[in-house]
Amino acid sequence: MLCHSMGCLPALDALRPRSAKVRNVLLVAPDVDVDVFAATIRDMGKSKPRIAVFVSQDDQALKLSKSIWGGKARLGDANPDQEPYSGDFKRQGVLVFDLTNLQGDPHSRAFEDVTSVMGMIERRLAAGQELVDSSVTLGAAGQ
């Protein structure tokens with residue numbers, strides 16, 4: 001399953017209850033509240049699909065959305081190198097690809113430079129990143 005921006009919320013809702021047919025989920029610039037994402041992951045339990053999130057800290061559309069939603073952090077602009085996100089993503093087995101330094105429109109650069117994005121995925125998997133299950137949820141620490 002592939003979704004982008006606000007389309008990620010109905011995509012995540014479709015995964016409740018978990019469909020065995022969906023094995024991989026790619027969330028590109030997800031305009032989803034981090035707490036909603038955490039609840040969805042928690043509800044899926046150990047049978048969740050493999051999830052990859054493509055983030056960018058310079059995405060102005062997500063910054064505007066954050067402002068509209070009263071400052072609630074958006075999953076798509078989370079910094080995967082900072083806590084609580086760093087540890088939570090790792091514990092949840094969520095692959096995170098930071099596209100901040102790629103060229104192009106921050107909100108859609110994953111689609112503009114597919115070769116770079118695919119290269120990032122290939123390098124991450126070749127480096128042996130494991131996909132593990134955990135009951136720790138995104139946003140559980142430091143809230």
# chains A, B, ... in the order shown; residues from 1 in each chain; ligands from 1
$ residues_around --residues "segment 31-33 of chain A" --least-positions-apart "6" --cutoff "6 Å" --atoms "only C-alpha atoms" --output "ChimeraX atom specification"
/A:5-6,73-76
$ write_last_selection --atoms "C-alpha atoms" --output "CSV table (one decimal), in the first residue's frame"
chain,number,residue,atom,x,y,z
A,5,SER,CA,0.1,13.2,2.6
A,6,MET,CA,-3.6,13.4,3.8
A,73,ALA,CA,3.3,17.1,15.4
A,74,ARG,CA,2.8,15.5,11.9
A,75,LEU,CA,4.4,12.2,11.2
A,76,GLY,CA,5.8,13.4,7.9
$ select_by_dssp --residues "segment 13-44 of chain A" --states "strand (DSSP E or B)" --output "PDB file with N, CA and C atoms, in the first residue's frame"
ATOM      1  N   ASN A  24       3.015  -4.639   3.090  1.00  0.00           N
ATOM      2  CA  ASN A  24       3.947  -3.511   3.078  1.00  0.00           C
ATOM      3  C   ASN A  24       3.165  -2.212   2.957  1.00  0.00           C
ATOM      4  N   VAL A  25       3.556  -1.219   3.747  1.00  0.00           N
ATOM      5  CA  VAL A  25       2.898   0.079   3.718  1.00  0.00           C
ATOM      6  C   VAL A  25       3.977   1.152   3.587  1.00  0.00           C
ATOM      7  N   LEU A  26       3.826   2.030   2.593  1.00  0.00           N
ATOM      8  CA  LEU A  26       4.740   3.145   2.384  1.00  0.00           C
ATOM      9  C   LEU A  26       3.963   4.430   2.628  1.00  0.00           C
ATOM     10  N   LEU A  27       4.367   5.176   3.646  1.00  0.00           N
ATOM     11  CA  LEU A  27       3.724   6.442   3.991  1.00  0.00           C
ATOM     12  C   LEU A  27       4.648   7.571   3.554  1.00  0.00           C
ATOM     13  N   VAL A  28       4.256   8.302   2.527  1.00  0.00           N
ATOM     14  CA  VAL A  28       5.089   9.369   1.979  1.00  0.00           C
ATOM     15  C   VAL A  28       4.531  10.719   2.440  1.00  0.00           C
ATOM     16  N   ASP A  33      -1.327  12.873  12.460  1.00  0.00           N
ATOM     17  CA  ASP A  33      -0.921  13.162  13.831  1.00  0.00           C
ATOM     18  C   ASP A  33      -0.078  11.989  14.344  1.00  0.00           C
TER      19      ASP A  33
END
$ closest_residue --among "A:Phe89, A:Lys21, A:Ala29, A:Asp105" --to "Ser65 of chain A" --atoms "only C-alpha atoms"
A:Ala29
$ select_by_dssp --residues "segment 16-107 of chain A" --states "alpha helix (DSSP H)" --output "list of chain:residue names"
A:Val34, A:Asp35, A:Val36, A:Phe37, A:Ala38, A:Ala39, A:Thr40, A:Ile41, A:Arg42, A:Asp43, A:Met44, A:Gln60, A:Ala61, A:Leu62, A:Lys63, A:Leu64, A:Ser65, A:Lys66, A:Ser67, A:Ile68, A:Tyr85, A:Ser86, A:Gly87, A:Asp88, A:Phe89, A:Lys90, A:Arg91, A:Gln92
$ atom_distance --atom1 "atom CA of Asn79 of chain A" --atom2 "atom CA of Gln57 of chain A"
6.5 Å
$ closest_residue --among "A:Ile51, A:Cys8, A:Val36, A:Cys3" --to "Val94 of chain A" --atoms "only C-alpha atoms"
A:Ile51
$ atom_distance --atom1 "atom CA of Gly104 of chain A" --atom2 "atom CA of Asp59 of chain A"
10.7 Å
$ atom_distance --atom1 "atom CA of Leu99 of chain A" --atom2 "atom CA of Phe54 of chain A"
6.7 Å
$ closest_residue --among "A:Ala11, A:Met1, A:Leu102, A:Val96" --to "Ala52 of chain A" --atoms "only C-alpha atoms"
A:Val96
$ closest_residue --among "A:Pro10, A:Asp77, A:Gln92, A:Val34" --to "Ser47 of chain A" --atoms "only C-alpha atoms"
A:Gln92
$ residues_around --residues "Arg23 of chain A" --least-positions-apart "4" --cutoff "8 Å" --atoms "only C-alpha atoms" --output "list in words"
Lys48, Pro49 and Arg50 of chain A
